[in-house]
Each structure stands twice: as C-alpha cells, then as structure tokens.
>>> print(open('entry.txt').read())   # compact mmCIF, C-alpha atoms
# COMPACT_ATOMS: atom_id res chain seq x y z
CA MET T 1 0.00 0.00 0.00
CA LEU T 2 1.34 3.41 -0.95
CA VAL T 3 0.02 6.77 0.22
CA TYR T 4 1.39 10.28 -0.22
CA GLY T 5 0.66 11.42 3.30
CA GLU T 6 2.09 11.56 6.80
CA ILE T 7 -0.72 10.08 8.91
CA PRO T 8 -1.99 6.81 7.44
CA THR T 9 -4.48 6.37 10.29
CA GLY T 10 -6.26 9.46 8.95
CA LEU T 11 -7.60 7.44 6.00
CA PRO T 12 -10.18 5.06 7.55
CA PRO T 13 -11.01 3.11 4.33
CA MET T 14 -7.34 2.21 3.89
CA VAL T 15 -6.97 1.30 7.56
CA ASN T 16 -10.07 -0.92 7.42
CA LEU T 17 -8.76 -2.79 4.38
CA ALA T 18 -5.31 -3.21 5.93
CA ALA T 19 -6.85 -4.71 9.06
CA SER T 20 -9.05 -7.11 7.07
CA LEU T 21 -6.22 -8.27 4.80
CA THR T 22 -3.90 -8.77 7.75
CA GLU T 23 -6.57 -10.76 9.58
CA ALA T 24 -7.02 -12.92 6.46
CA GLY T 25 -3.33 -13.83 6.58
CA HIS T 26 -1.90 -11.42 4.02
CA GLN T 27 1.31 -9.53 4.69
CA ILE T 28 0.86 -5.79 4.27
CA GLU T 29 3.53 -3.15 3.88
CA LEU T 30 2.52 0.50 4.05
CA VAL T 31 4.78 3.05 2.37
CA HIS T 32 4.06 6.63 3.38
CA VAL T 33 5.69 9.99 4.06
CA ALA T 34 7.51 10.14 7.39
CA PRO T 35 6.12 12.74 9.84
CA ALA T 36 7.74 16.16 9.60
CA LEU T 37 8.37 16.02 13.35
CA PRO T 38 10.56 13.00 14.21
CA SER T 39 8.96 12.81 17.66
CA ALA T 40 5.62 11.98 16.00
CA GLY T 41 6.84 8.49 15.15
CA SER T 42 5.19 6.28 12.55
CA ALA T 43 1.73 4.95 13.28
CA VAL T 44 0.83 1.33 12.57
CA PRO T 45 -2.75 1.28 11.23
CA ALA T 46 -3.29 -2.46 11.71
CA PRO T 47 -1.57 -5.06 13.92
CA GLY T 48 1.03 -7.05 12.01
CA MET T 49 1.57 -4.45 9.28
CA ARG T 50 5.03 -3.40 8.25
CA VAL T 51 5.36 0.37 7.94
CA THR T 52 7.98 2.04 5.75
CA PRO T 53 8.11 5.80 6.36
CA LEU T 54 9.96 7.76 3.69
CA GLN T 55 12.15 10.63 4.84
CA ILE T 56 11.54 13.54 2.45
CA ARG T 57 14.75 15.48 2.94
CA SER T 58 14.05 18.10 0.26
CA ARG T 59 11.07 19.26 2.30
CA ARG T 60 13.23 19.74 5.36
CA LEU T 61 15.80 21.62 3.30
CA PHE T 62 13.19 24.03 1.97
CA HIS T 63 11.74 24.46 5.48
CA LYS T 64 15.20 25.33 6.73
CA LEU T 65 15.87 27.82 3.95
CA PHE T 66 12.46 29.45 3.54
CA GLY T 67 10.31 28.43 6.54
CA ARG T 68 7.25 26.19 6.53
CA ALA T 69 5.17 28.64 4.50
CA PRO T 70 7.34 30.33 1.81
CA ARG T 71 6.02 33.76 0.91
CA LEU T 72 6.88 33.48 -2.77
CA ALA T 73 4.49 31.27 -4.74
CA ALA T 74 7.31 30.14 -7.00
CA ILE T 75 9.32 28.88 -4.03
CA ALA T 76 6.28 27.07 -2.60
CA ALA T 77 5.64 25.42 -5.97
CA LEU T 78 9.29 24.37 -6.30
CA GLN T 79 9.23 22.97 -2.76
CA TYR T 80 6.11 20.93 -3.52
CA ALA T 81 7.50 19.64 -6.81
CA ALA T 82 10.85 18.67 -5.28
CA SER T 83 9.30 16.86 -2.32
CA TYR T 84 6.82 15.02 -4.55
CA LEU T 85 9.54 13.92 -6.98
CA GLU T 86 11.60 12.66 -4.05
CA PHE T 87 8.57 10.75 -2.73
CA VAL T 88 7.95 9.11 -6.11
CA THR T 89 11.58 8.07 -6.46
CA LYS T 90 11.85 6.63 -2.95
CA ALA T 91 8.42 4.98 -3.15
CA VAL T 92 9.44 3.17 -6.36
CA VAL T 93 12.57 1.86 -4.62
CA ALA T 94 10.54 0.80 -1.56
CA GLY T 95 7.98 -0.86 -3.80
CA LEU T 96 10.63 -2.87 -5.62
CA ARG T 97 12.28 -3.92 -2.38
CA SER T 98 8.98 -5.14 -0.96
CA ARG T 99 8.61 -7.77 -3.70
CA ALA T 100 4.86 -7.49 -3.28
CA ASP T 101 2.29 -9.63 -5.07
CA ALA T 102 0.11 -6.55 -5.68
CA TYR T 103 0.53 -2.79 -5.34
CA GLU T 104 -2.21 -0.51 -4.05
CA ALA T 105 -2.07 3.25 -4.62
CA ASN T 106 -4.23 5.27 -2.26
CA ASP T 107 -5.22 8.37 -4.23
CA LEU T 108 -3.61 9.83 -7.30
CA PRO T 109 -0.24 11.09 -5.93
CA ALA T 110 0.67 7.51 -4.94
CA LEU T 111 -0.24 6.10 -8.34
CA PRO T 112 2.98 6.84 -10.33
CA PRO T 113 5.32 4.88 -8.03
CA ALA T 114 2.77 2.07 -7.71
CA VAL T 115 2.46 1.73 -11.50
CA VAL T 116 6.22 1.86 -12.05
CA ALA T 117 7.02 -0.71 -9.35
CA ALA T 118 4.18 -3.01 -10.43
CA ARG T 119 5.14 -2.92 -14.11
CA LEU T 120 8.83 -3.51 -13.41
CA ARG T 121 7.90 -6.59 -11.40
CA GLY T 122 5.02 -7.75 -13.58
CA LYS T 123 2.49 -7.47 -10.77
CA PRO T 124 -1.04 -5.99 -10.70
CA VAL T 125 -1.73 -2.47 -9.50
CA VAL T 126 -4.93 -1.46 -7.71
CA PHE T 127 -5.87 2.23 -7.67
CA ARG T 128 -8.06 3.18 -4.71
CA SER T 129 -9.41 6.60 -5.57
CA HIS T 130 -10.76 8.06 -2.34
CA GLU T 131 -11.06 11.46 -4.04
CA LEU T 132 -11.39 12.85 -7.56
CA TRP T 133 -7.93 14.30 -6.99
CA SER T 134 -7.75 16.78 -9.88
CA GLU T 135 -11.20 18.08 -8.90
CA ALA T 136 -10.91 17.96 -5.13
CA SER T 137 -11.55 21.72 -4.92
CA PRO T 138 -12.11 24.61 -7.35
CA ASN T 139 -8.44 25.63 -7.04
CA VAL T 140 -6.42 22.42 -6.99
CA ARG T 141 -2.69 23.10 -7.03
CA PHE T 142 -1.15 21.77 -10.30
CA ALA T 143 -4.59 20.63 -11.50
CA ALA T 144 -3.36 20.26 -15.10
CA PHE T 145 -0.57 17.97 -13.94
CA TRP T 146 -2.96 15.78 -11.93
CA ARG T 147 -5.38 15.58 -14.87
CA PHE T 148 -2.48 14.47 -17.07
CA LEU T 149 -1.59 11.73 -14.56
CA GLU T 150 -5.22 10.57 -14.38
CA ARG T 151 -5.59 10.25 -18.13
CA SER T 152 -2.18 8.66 -18.54
CA LEU T 153 -2.14 6.19 -15.65
CA VAL T 154 -5.73 5.14 -14.95
CA PRO T 155 -5.89 3.05 -18.17
CA ARG T 156 -2.70 1.30 -17.01
CA CYS T 157 -4.23 0.18 -13.71
CA ASP T 158 -5.44 -3.37 -13.45
CA TYR T 159 -8.23 -2.39 -11.09
CA VAL T 160 -9.83 0.86 -9.91
CA VAL T 161 -11.79 1.14 -6.66
CA THR T 162 -13.99 4.14 -5.80
CA PRO T 163 -16.42 4.93 -2.94
CA ASP T 164 -19.35 5.97 -5.14
CA LEU T 165 -21.10 4.74 -8.30
CA ASN T 166 -21.00 8.19 -9.88
CA ARG T 167 -17.23 8.38 -9.49
CA SER T 168 -16.93 4.85 -10.86
CA ARG T 169 -18.71 6.01 -14.02
CA ILE T 170 -16.27 8.90 -14.36
CA TYR T 171 -13.30 6.55 -14.18
CA GLU T 172 -14.86 4.12 -16.63
CA VAL T 173 -16.25 6.55 -19.22
CA GLU T 174 -14.00 9.60 -19.02
CA LEU T 175 -10.71 8.18 -17.78
CA LYS T 176 -10.93 4.88 -19.67
CA ALA T 177 -10.36 2.40 -16.86
CA ARG T 178 -9.63 -0.98 -18.45
CA ARG T 179 -12.27 -2.69 -16.28
CA PRO T 180 -15.47 -1.38 -14.70
CA PRO T 181 -14.37 0.06 -11.35
CA VAL T 182 -15.29 -1.67 -8.11
CA THR T 183 -17.48 0.53 -5.90
CA ILE T 184 -16.86 0.16 -2.16
CA ARG T 185 -18.62 2.66 0.08
CA ASN T 186 -16.67 4.26 2.94
CA CYS T 187 -18.50 2.33 5.63
CA PRO T 188 -16.90 1.80 9.05
CA PRO T 189 -16.70 -1.63 10.71
CA TYR T 190 -20.01 -2.47 12.32
CA ARG T 191 -20.51 -1.74 15.98
CA PRO T 192 -23.76 -1.64 17.95
CA PRO T 193 -25.06 1.83 18.84
CA ALA T 194 -23.51 3.25 21.97
CA VAL T 195 -25.38 4.85 24.85
CA SER T 196 -23.68 8.08 25.86
CA THR T 197 -24.33 11.49 27.42
CA ARG T 198 -20.87 12.83 26.60
CA LEU T 199 -21.99 15.95 24.74
CA ARG T 200 -24.78 16.77 27.18
CA ASP T 201 -22.37 16.41 30.07
CA GLU T 202 -19.97 18.81 28.38
CA LEU T 203 -22.72 21.32 27.64
CA CYS T 204 -24.02 21.11 31.23
CA ARG T 205 -20.48 21.72 32.47
CA ARG T 206 -20.54 24.93 30.45
CA GLY T 207 -23.93 25.91 31.85
CA ILE T 208 -25.78 25.21 28.57
CA ARG T 209 -29.08 23.38 28.72
CA CYS T 210 -30.79 22.11 25.59
CA THR T 211 -33.41 19.73 24.28
CA THR T 212 -31.74 18.84 20.97
CA ILE T 213 -28.06 18.59 20.03
CA VAL T 214 -27.11 18.98 16.38
CA LEU T 215 -23.60 17.67 15.76
CA TYR T 216 -21.16 18.58 13.03
CA GLN T 217 -17.93 16.60 13.31
CA GLY T 218 -15.05 16.45 10.89
CA LEU T 219 -13.02 18.92 8.90
CA ILE T 220 -13.94 22.52 9.73
CA ASP T 221 -13.69 24.35 6.44
CA SER T 222 -15.67 26.58 4.09
CA ALA T 223 -15.94 23.64 1.67
CA ARG T 224 -18.04 21.90 4.34
CA CYS T 225 -20.45 24.88 4.43
CA ILE T 226 -19.50 25.77 7.99
CA GLU T 227 -20.55 29.40 7.50
CA GLU T 228 -23.99 28.34 6.27
CA ILE T 229 -24.44 25.87 9.12
CA ALA T 230 -23.50 28.54 11.67
CA GLU T 231 -25.83 31.06 10.03
CA ALA T 232 -28.65 28.48 10.09
CA ALA T 233 -28.10 27.97 13.83
CA ARG T 234 -29.33 31.52 14.43
CA SER T 235 -32.75 30.37 13.21
CA PHE T 236 -32.88 27.18 15.25
CA ASP T 237 -35.87 26.87 17.53
CA ASP T 238 -35.39 27.35 21.27
CA GLY T 239 -33.57 24.48 22.93
CA ILE T 240 -31.56 23.42 19.87
CA VAL T 241 -27.77 23.72 20.14
CA LEU T 242 -25.23 23.22 17.35
CA VAL T 243 -22.00 21.50 18.41
CA ILE T 244 -19.06 21.80 16.00
CA MET T 245 -16.18 19.47 16.69
CA GLY T 246 -13.18 18.90 14.47
CA THR T 247 -9.97 20.26 13.02
CA GLY T 248 -9.51 23.29 10.82
CA TYR T 249 -6.58 24.47 8.74
CA GLY T 250 -5.45 27.81 7.40
CA LYS T 251 -7.90 30.50 8.39
CA TRP T 252 -9.97 27.84 10.20
CA THR T 253 -7.20 26.89 12.63
CA ASN T 254 -9.21 28.68 15.33
CA PRO T 255 -12.83 28.21 14.20
CA ALA T 256 -14.35 29.71 17.35
CA ALA T 257 -12.81 33.07 16.42
CA LEU T 258 -14.45 33.06 12.97
CA LEU T 259 -17.89 31.72 13.77
CA PRO T 260 -20.63 34.12 14.91
CA SER T 261 -21.00 34.62 18.64
CA ASP T 262 -24.23 32.85 19.47
CA ALA T 263 -25.35 30.88 22.52
CA ARG T 264 -26.65 28.17 20.17
CA ILE T 265 -23.19 27.40 18.75
CA VAL T 266 -20.58 25.49 20.75
CA VAL T 267 -17.14 24.68 19.32
CA LEU T 268 -15.31 21.76 20.90
CA PRO T 269 -11.72 20.67 20.30
CA PRO T 270 -11.10 17.62 18.10
CA VAL T 271 -10.62 14.16 19.57
CA PRO T 272 -8.79 11.17 18.05
CA TYR T 273 -10.81 9.22 15.49
CA ASN T 274 -11.01 6.11 17.68
CA GLU T 275 -12.53 8.18 20.51
CA LEU T 276 -15.36 9.78 18.52
CA VAL T 277 -18.14 7.25 19.15
CA PRO T 278 -19.28 8.52 22.60
CA PHE T 279 -19.56 12.05 21.20
CA THR T 280 -21.43 10.97 18.06
CA ALA T 281 -23.80 8.70 19.98
CA SER T 282 -24.74 11.46 22.44
CA ALA T 283 -26.08 13.82 19.74
CA ASP T 284 -29.66 13.92 18.46
CA ILE T 285 -29.08 14.98 14.84
CA GLY T 286 -26.01 14.75 12.62
CA ILE T 287 -25.29 17.33 9.95
CA LEU T 288 -23.08 16.76 6.92
CA LEU T 289 -22.82 19.30 4.10
CA TYR T 290 -20.48 20.01 1.20
CA ARG T 291 -20.26 23.04 -1.07
CA ASN T 292 -21.19 22.32 -4.67
CA ASP T 293 -18.06 23.82 -6.18
CA CYS T 294 -16.48 20.71 -7.73
CA ARG T 295 -17.46 17.21 -8.77
CA ASN T 296 -15.50 15.70 -5.91
CA ASN T 297 -17.91 17.35 -3.46
CA TYR T 298 -21.00 16.83 -5.60
CA TYR T 299 -20.46 13.07 -5.72
CA CYS T 300 -19.18 12.65 -2.18
CA ALA T 301 -20.37 9.80 0.04
CA PRO T 302 -18.09 10.17 3.06
CA ASN T 303 -17.51 7.79 5.94
CA LYS T 304 -19.06 10.38 8.28
CA LEU T 305 -22.45 9.67 6.74
CA PHE T 306 -22.26 6.01 7.77
CA GLU T 307 -20.79 6.82 11.18
CA TYR T 308 -23.85 8.94 11.92
CA LEU T 309 -26.15 6.16 10.72
CA MET T 310 -24.41 3.53 12.84
CA MET T 311 -25.03 5.56 16.00
CA GLY T 312 -28.66 6.12 15.06
CA LEU T 313 -28.51 9.83 14.26
CA PRO T 314 -31.08 11.28 11.84
CA ILE T 315 -29.07 13.21 9.25
CA VAL T 316 -29.30 16.58 7.54
CA ALA T 317 -27.23 16.19 4.38
CA ALA T 318 -26.61 17.79 1.01
CA ASN T 319 -29.09 16.98 -1.75
CA TYR T 320 -26.36 15.50 -3.96
CA PRO T 321 -26.37 12.19 -5.90
CA GLY T 322 -23.93 10.50 -3.49
CA MET T 323 -26.06 11.12 -0.40
CA LEU T 324 -29.67 11.65 -1.52
CA PRO T 325 -30.39 7.97 -2.34
CA ILE T 326 -29.16 6.90 1.09
CA VAL T 327 -30.45 9.71 3.31
CA GLU T 328 -33.93 10.14 1.85
CA GLY T 329 -34.07 6.86 -0.05
CA GLU T 330 -33.63 4.94 3.21
CA SER T 331 -35.68 7.46 5.26
CA VAL T 332 -32.83 8.24 7.63
CA GLY T 333 -32.83 12.02 7.33
CA LEU T 334 -33.50 15.07 5.20
CA CYS T 335 -31.55 16.52 2.28
CA VAL T 336 -31.25 20.24 1.67
CA ASP T 337 -29.49 22.80 -0.46
CA PRO T 338 -26.29 23.03 1.62
CA GLN T 339 -25.75 26.67 0.69
CA SER T 340 -29.14 27.76 1.99
CA PRO T 341 -29.11 28.55 5.73
CA ALA T 342 -32.91 28.82 5.61
CA GLU T 343 -33.29 25.26 4.27
CA ILE T 344 -30.76 23.93 6.77
CA ALA T 345 -32.55 25.58 9.71
CA ALA T 346 -35.97 24.43 8.50
CA ALA T 347 -34.78 20.81 8.25
CA VAL T 348 -33.23 20.88 11.73
CA ASN T 349 -36.31 22.48 13.26
CA ARG T 350 -38.56 19.96 11.54
CA LEU T 351 -36.58 17.04 12.93
CA ALA T 352 -36.29 18.56 16.41
CA ALA T 353 -40.06 19.11 16.59
CA ASN T 354 -40.86 15.52 15.62
CA PRO T 355 -39.42 13.00 18.14
CA ASP T 356 -41.47 10.16 16.65
CA GLY T 357 -40.12 10.91 13.19
CA ARG T 358 -36.58 11.02 14.54
CA GLN T 359 -37.10 7.68 16.25
CA HIS T 360 -38.32 6.18 12.98
CA MET T 361 -35.24 7.50 11.19
CA ARG T 362 -33.03 6.22 14.00
CA GLU T 363 -34.48 2.72 13.68
CA ASN T 364 -34.02 2.82 9.89
CA GLY T 365 -30.42 3.97 10.26
CA LEU T 366 -29.57 1.26 12.76
CA ARG T 367 -31.21 -1.37 10.56
CA VAL T 368 -29.45 -0.46 7.30
CA SER T 369 -26.14 -0.09 9.15
CA LYS T 370 -26.42 -3.62 10.44
CA GLU T 371 -27.80 -5.13 7.23
CA ARG T 372 -25.78 -3.30 4.56
CA PHE T 373 -23.79 -0.19 5.37
CA ASN T 374 -20.88 -1.65 7.30
CA TRP T 375 -17.35 -2.59 6.35
CA GLU T 376 -17.82 -6.32 6.92
CA ILE T 377 -20.49 -6.48 4.19
CA GLU T 378 -19.35 -3.66 1.93
CA SER T 379 -15.76 -4.90 1.69
CA VAL T 380 -16.55 -8.44 0.46
CA PRO T 381 -15.98 -7.70 -3.28
CA LEU T 382 -12.71 -5.92 -2.51
CA LEU T 383 -11.40 -8.74 -0.32
CA GLN T 384 -12.39 -11.25 -3.00
CA LEU T 385 -10.49 -9.17 -5.53
CA TYR T 386 -7.33 -9.27 -3.46
CA GLU T 387 -7.70 -13.00 -2.85
CA SER T 388 -7.92 -13.58 -6.61
CA ILE T 389 -4.96 -11.41 -7.64
CA THR T 390 -2.61 -12.63 -4.90
CA GLN T 391 -3.23 -16.30 -5.71
CA ARG T 392 -2.14 -16.03 -9.32
>>> encode(input="entry.txt", output="structure tokens")
Amino acid sequence: MLVYGEIPTGLPPMVNLAASLTEAGHQIELVHVAPALPSAGSAVPAPGMRVTPLQIRSRRLFHKLFGRAPRLAAIAALQYAASYLEFVTKAVVAGLRSRADAYEANDLPALPPAVVAARLRGKPVVFRSHELWSEASPNVRFAAFWRFLERSLVPRCDYVVTPDLNRSRIYEVELKARRPPVTIRNCPPYRPPAVSTRLRDELCRRGIRCTTIVLYQGLIDSARCIEEIAEAARSFDDGIVLVIMGTGYGKWTNPAALLPSDARIVVLPPVPYNELVPFTASADIGILLYRNDCRNNYYCAPNKLFEYLMMGLPIVAANYPGMLPIVEGESVGLCVDPQSPAEIAAAVNRLAANPDGRQHMRENGLRVSKERFNWEIESVPLLQLYESITQR
C-alpha cells in the first residue's frame, strides 16, 4: 500500500482494508511519508503491518531555507514539486524492495510509483481513488498535472476502486479504466449503537441546557459549508444547540474566532478518530454538508455519513447524488441545499419538533447499518479481488 501522506491512520477506508487483509493472513507493507516532526513516530494502522516511512529530505531543506510557508508562490511550488519527486523516487525503490504480489495506490499522488514498481515486477496495480484528486476543490494546485496523470495512468491500472457509483462512471467513461471500477462505500466496521451522554455532560459543564443537540464533526472548512451551518443555527428553535467538533486548517485553525457569537453554537476541540463514538452517539441529529463547487464534493459519500447512521442519528445532508439515495431513499434524514441557511434551519427544526419521526429515522439507520452499510459487508468484493490477484 502506498500513500502520499504523513498520517496513514487518517484514511479510515485504507486502515479498514489493511486490518481485514492482515486478519485474512496477508502480509501488508505500508509506504508513506515520514512525519515532519521526528517525535511523532510512525503509526501502525493495523496489527502485524510493516510500515515504511519515507524521509523527504528536500522538504526539510526548503523548510530550513524558507520556513514552513514560503512567501513566494514560485518557491512554494518548487518545494512541492521537489518533495513530490523525491517521494515518487523513494516509493518506487521501496515498492521494488517489498517484492509485493500486488501494489495498491491510495489516491492519485501515490499512483505513479505504484504503477512503475508493479510494471517492473510484472504485478497488478490497484488504484483506490478516495477522491477525484484533480477536482478535489475549485483551485487544486497543479490541476493540469494531476489531470495528465489521471488520463495517462488510470488506463494502465489493473483495477480501480472508488467509494461511489457516480465516481466509478467517471473513471470508466472519461478516464478509460480498463475494467469497470469496483465501488466500495466508505463504511466503518459495524458496531452496535452506543449509549452516551458525553456531549450533554460537556454542555451542562458549560452551563448550557438544551433539548436537541445537532452535531457537526469532521473537517472545519468553508468547503463543508460551515458558514452556512452557523448562520442556520441563528434560526434554530429554542432548545436546539449546534456542536461543532473537528480540526480546521489555514484560516480555520481557530474556528471559534471566525464563527458568529451565538449561545446556540458550541465549538469543541477535536478528539482522536477512535474516541469519537461517545460524542457521536450522544447527539440527536447529525449534519453533513459540502459546497457544490467541484465534482469531488457533488459526488461525495463520506464515511461520516455512515458513522452517523451507525449511532442512530437522523441526518441533515446535502441533496447530492452521493447522499440523496441513502439519506432520503432509506428514510434516515432530510436533504437540503447546503448553501441555503434557511433550508438547513428548516430541516433541523422539523426534525427537532418531531421526536417520533426522529425515532423512525433512528431505527431505519440502525437497521441499514447492520444489514448493509458496514465494512464487513461492503468490503466483500474488494477482499475477494485481493484473494484472486494474490493467488495467481
């Protein structure tokens, strides 16, 4: 497995697959970028995995010469290009040394070294596209370069795996995948719903009393319509509190300073992924929105959606093709225009005012999570694929 990133545990679908393959008796080696801070160490996503962190020395050199955020765009671009080229070179070497039976690239930046190593050794390459990388945002850095890689390398992959049928069609029709892509939703491993009062306890500690808790957890960013969600909170009915919990970057490093001052909005610090369940389970409604500014967002079907379902939360989600069939098709929530604070507030108020309706949605969510939307069931085609290609 190759990934162009520092924290492999931050990619749950990859971690889930690694754990399942290891449990099935396969040997897994993960090649990733070593943490910038040596003290951070190298995480092991699944017991028994071998982890190969790659030291990207060009990045450290640029940091030493120009700081972590070079002021000149040309220097920043050169730094990125140099560090990426070093990653590709070292990842190819690591891939050849591993003598693997199959090579998996997690997202587009990891695909070049995976293809090179696999072809040199005559082994299959699997491309797990967690994102439409060249369309991950309206202003993707080096978008033309990533589009070139997609069109050049996707047809060379033996297998493509995506988390959504719409993205699978894009890879098959537009990017000419040699086989119909395998669609594996980003479902977490199944676990029964937890009973928790964690959020209510925290709100009580702060002197906040409420009847309904609306939870947003995850990346805090404008692309997740945080401004619209916060604006909608001003129109929530009495007793409804919005809890925002997650990590922000750039201008969102301190989200509490940017969000409107309102007694109905509470910002909590992030917690590790494996400690989220008590917080999720103690909410009443989960909210999950994306800005419609690129196809990657429009066709998203993130793991957060299924995490909410598994804890029995009715969901307010974006009315996009990746979420609408699940949220409203399975009667587990309401879909809205994510850029309309009025629609968001109306949906939340409607759910909060209807406990029986919420209970019905909760029961539906728990049922479909147990019957279909969990990793144990969703991953079967992918595990069968790996069994077939490693036995050749």
>>> residues_around(input="entry.txt", residues="T:Thr22", least_positions_apart="6", cutoff="8 Å", atoms="all atoms listed in the file", output="PyMOL selection string")
chain T and resi 28+46-49
>>> residues_around(input="entry.txt", residues="T:Gln55", least_positions_apart="6", cutoff="10 Å", atoms="all atoms listed in the file", output="short mmCIF file (atom, residue, chain, number, x, y, z; two decimals) with C-alpha atoms, in the frame of the given file")
data_model
loop_
_atom_site.label_atom_id
_atom_site.label_comp_id
_atom_site.auth_asym_id
_atom_site.auth_seq_id
_atom_site.Cartn_x
_atom_site.Cartn_y
_atom_site.Cartn_z
CA HIS T 32 4.06 6.63 3.38
CA VAL T 33 5.69 9.99 4.06
CA ALA T 34 7.51 10.14 7.39
CA PRO T 35 6.12 12.74 9.84
CA ALA T 36 7.74 16.16 9.60
CA PRO T 38 10.56 13.00 14.21
CA SER T 83 9.30 16.86 -2.32
CA GLU T 86 11.60 12.66 -4.05
CA PHE T 87 8.57 10.75 -2.73
CA LYS T 90 11.85 6.63 -2.95
#
>>> residues_near_point(input="entry.txt", point="(-31.7, 21.1, 17.1)", cutoff="12 Å", atoms="all atoms listed in the file", output="ChimeraX atom specification")
/T:210-216,229,232-243,264-265,283-287,314-316,344-355,358
>>> atom_distance(input="entry.txt", atom1="atom CA of T:Val266", atom2="atom CA of T:Gly207")
11.6 Å
>>> residues_around(input="entry.txt", residues="T:Ala91", least_positions_apart="2", cutoff="9 Å", atoms="only C-alpha atoms", output="PDB file with C-alpha atoms, keeping the file's coordinate frame")
ATOM      1  CA  LEU T   2       1.340   3.410  -0.950  1.00  0.00           C
ATOM      2  CA  VAL T  31       4.780   3.050   2.370  1.00  0.00           C
ATOM      3  CA  HIS T  32       4.060   6.630   3.380  1.00  0.00           C
ATOM      4  CA  LEU T  54       9.960   7.760   3.690  1.00  0.00           C
ATOM      5  CA  GLU T  86      11.600  12.660  -4.050  1.00  0.00           C
ATOM      6  CA  PHE T  87       8.570  10.750  -2.730  1.00  0.00           C
ATOM      7  CA  VAL T  88       7.950   9.110  -6.110  1.00  0.00           C
ATOM      8  CA  THR T  89      11.580   8.070  -6.460  1.00  0.00           C
ATOM      9  CA  VAL T  93      12.570   1.860  -4.620  1.00  0.00           C
ATOM     10  CA  ALA T  94      10.540   0.800  -1.560  1.00  0.00           C
ATOM     11  CA  GLY T  95       7.980  -0.860  -3.800  1.00  0.00           C
ATOM     12  CA  LEU T  96      10.630  -2.870  -5.620  1.00  0.00           C
ATOM     13  CA  ALA T 110       0.670   7.510  -4.940  1.00  0.00           C
ATOM     14  CA  PRO T 113       5.320   4.880  -8.030  1.00  0.00           C
ATOM     15  CA  ALA T 114       2.770   2.070  -7.710  1.00  0.00           C
ATOM     16  CA  ALA T 117       7.020  -0.710  -9.350  1.00  0.00           C
TER      17      ALA T 117
END
>>> closest_residue(input="entry.txt", among="T:Ala136, T:Met245, T:Val380, T:Leu259", to="T:Ala223", atoms="only C-alpha atoms")
T:Ala136
>>> residues_around(input="entry.txt", residues="T:Gly312", least_positions_apart="4", cutoff="12 Å", atoms="only C-alpha atoms", output="NGL selection string")
:T and (191-195 or 277 or 280-286 or 305-308 or 332-333 or 358-370)
>>> axis_aligned_box(input="entry.txt", around="stretch 349-357 of chain T", padding_each_side="5 Å", output="AutoDock Vina command-line options")
--center_x -38.9 --center_y 16.3 --center_z 14.8 --size_x 15.2 --size_y 22.3 --size_z 16.6
>>> atom_distance(input="entry.txt", atom1="atom CA of T:Ile244", atom2="atom CA of T:Leu17")
29.1 Å
>>> atom_distance(input="entry.txt", atom1="atom CA of T:Asn166", atom2="atom CA of T:Ser152")
20.7 Å
>>> decode(input="entry.txt", residues="stretch 162-174 of chain T", atoms="N, CA and C atoms", output="PDB file, in the first residue's frame")
ATOM      1  N   THR T 162     -13.493   2.822  -6.213  1.00  0.00           N
ATOM      2  CA  THR T 162     -13.994   4.140  -5.800  1.00  0.00           C
ATOM      3  C   THR T 162     -15.061   3.955  -4.721  1.00  0.00           C
ATOM      4  N   PRO T 163     -15.402   5.043  -3.998  1.00  0.00           N
ATOM      5  CA  PRO T 163     -16.422   4.929  -2.943  1.00  0.00           C
ATOM      6  C   PRO T 163     -17.835   5.270  -3.381  1.00  0.00           C
ATOM      7  N   ASP T 164     -18.041   5.488  -4.704  1.00  0.00           N
ATOM      8  CA  ASP T 164     -19.353   5.966  -5.138  1.00  0.00           C
ATOM      9  C   ASP T 164     -19.577   5.581  -6.597  1.00  0.00           C
ATOM     10  N   LEU T 165     -20.787   5.168  -6.940  1.00  0.00           N
ATOM     11  CA  LEU T 165     -21.095   4.744  -8.302  1.00  0.00           C
ATOM     12  C   LEU T 165     -20.874   5.852  -9.324  1.00  0.00           C
ATOM     13  N   ASN T 166     -21.180   7.078  -8.947  1.00  0.00           N
ATOM     14  CA  ASN T 166     -21.002   8.192  -9.875  1.00  0.00           C
ATOM     15  C   ASN T 166     -19.530   8.385 -10.216  1.00  0.00           C
ATOM     16  N   ARG T 167     -18.661   8.262  -9.223  1.00  0.00           N
ATOM     17  CA  ARG T 167     -17.229   8.380  -9.488  1.00  0.00           C
ATOM     18  C   ARG T 167     -16.743   7.190 -10.304  1.00  0.00           C
ATOM     19  N   SER T 168     -17.306   6.010 -10.054  1.00  0.00           N
ATOM     20  CA  SER T 168     -16.928   4.845 -10.857  1.00  0.00           C
ATOM     21  C   SER T 168     -17.229   5.088 -12.332  1.00  0.00           C
ATOM     22  N   ARG T 169     -18.368   5.712 -12.621  1.00  0.00           N
ATOM     23  CA  ARG T 169     -18.709   6.006 -14.018  1.00  0.00           C
ATOM     24  C   ARG T 169     -17.708   6.981 -14.634  1.00  0.00           C
ATOM     25  N   ILE T 170     -17.262   7.948 -13.854  1.00  0.00           N
ATOM     26  CA  ILE T 170     -16.272   8.904 -14.362  1.00  0.00           C
ATOM     27  C   ILE T 170     -14.985   8.186 -14.735  1.00  0.00           C
ATOM     28  N   TYR T 171     -14.537   7.269 -13.881  1.00  0.00           N
ATOM     29  CA  TYR T 171     -13.301   6.549 -14.185  1.00  0.00           C
ATOM     30  C   TYR T 171     -13.473   5.603 -15.369  1.00  0.00           C
ATOM     31  N   GLU T 172     -14.652   5.044 -15.527  1.00  0.00           N
ATOM     32  CA  GLU T 172     -14.861   4.120 -16.632  1.00  0.00           C
ATOM     33  C   GLU T 172     -15.060   4.846 -17.957  1.00  0.00           C
ATOM     34  N   VAL T 173     -15.880   5.887 -17.961  1.00  0.00           N
ATOM     35  CA  VAL T 173     -16.248   6.547 -19.217  1.00  0.00           C
ATOM     36  C   VAL T 173     -15.235   7.613 -19.621  1.00  0.00           C
ATOM     37  N   GLU T 174     -14.870   8.482 -18.679  1.00  0.00           N
ATOM     38  CA  GLU T 174     -13.997   9.602 -19.024  1.00  0.00           C
ATOM     39  C   GLU T 174     -12.513   9.245 -18.980  1.00  0.00           C
TER      40      GLU T 174
END
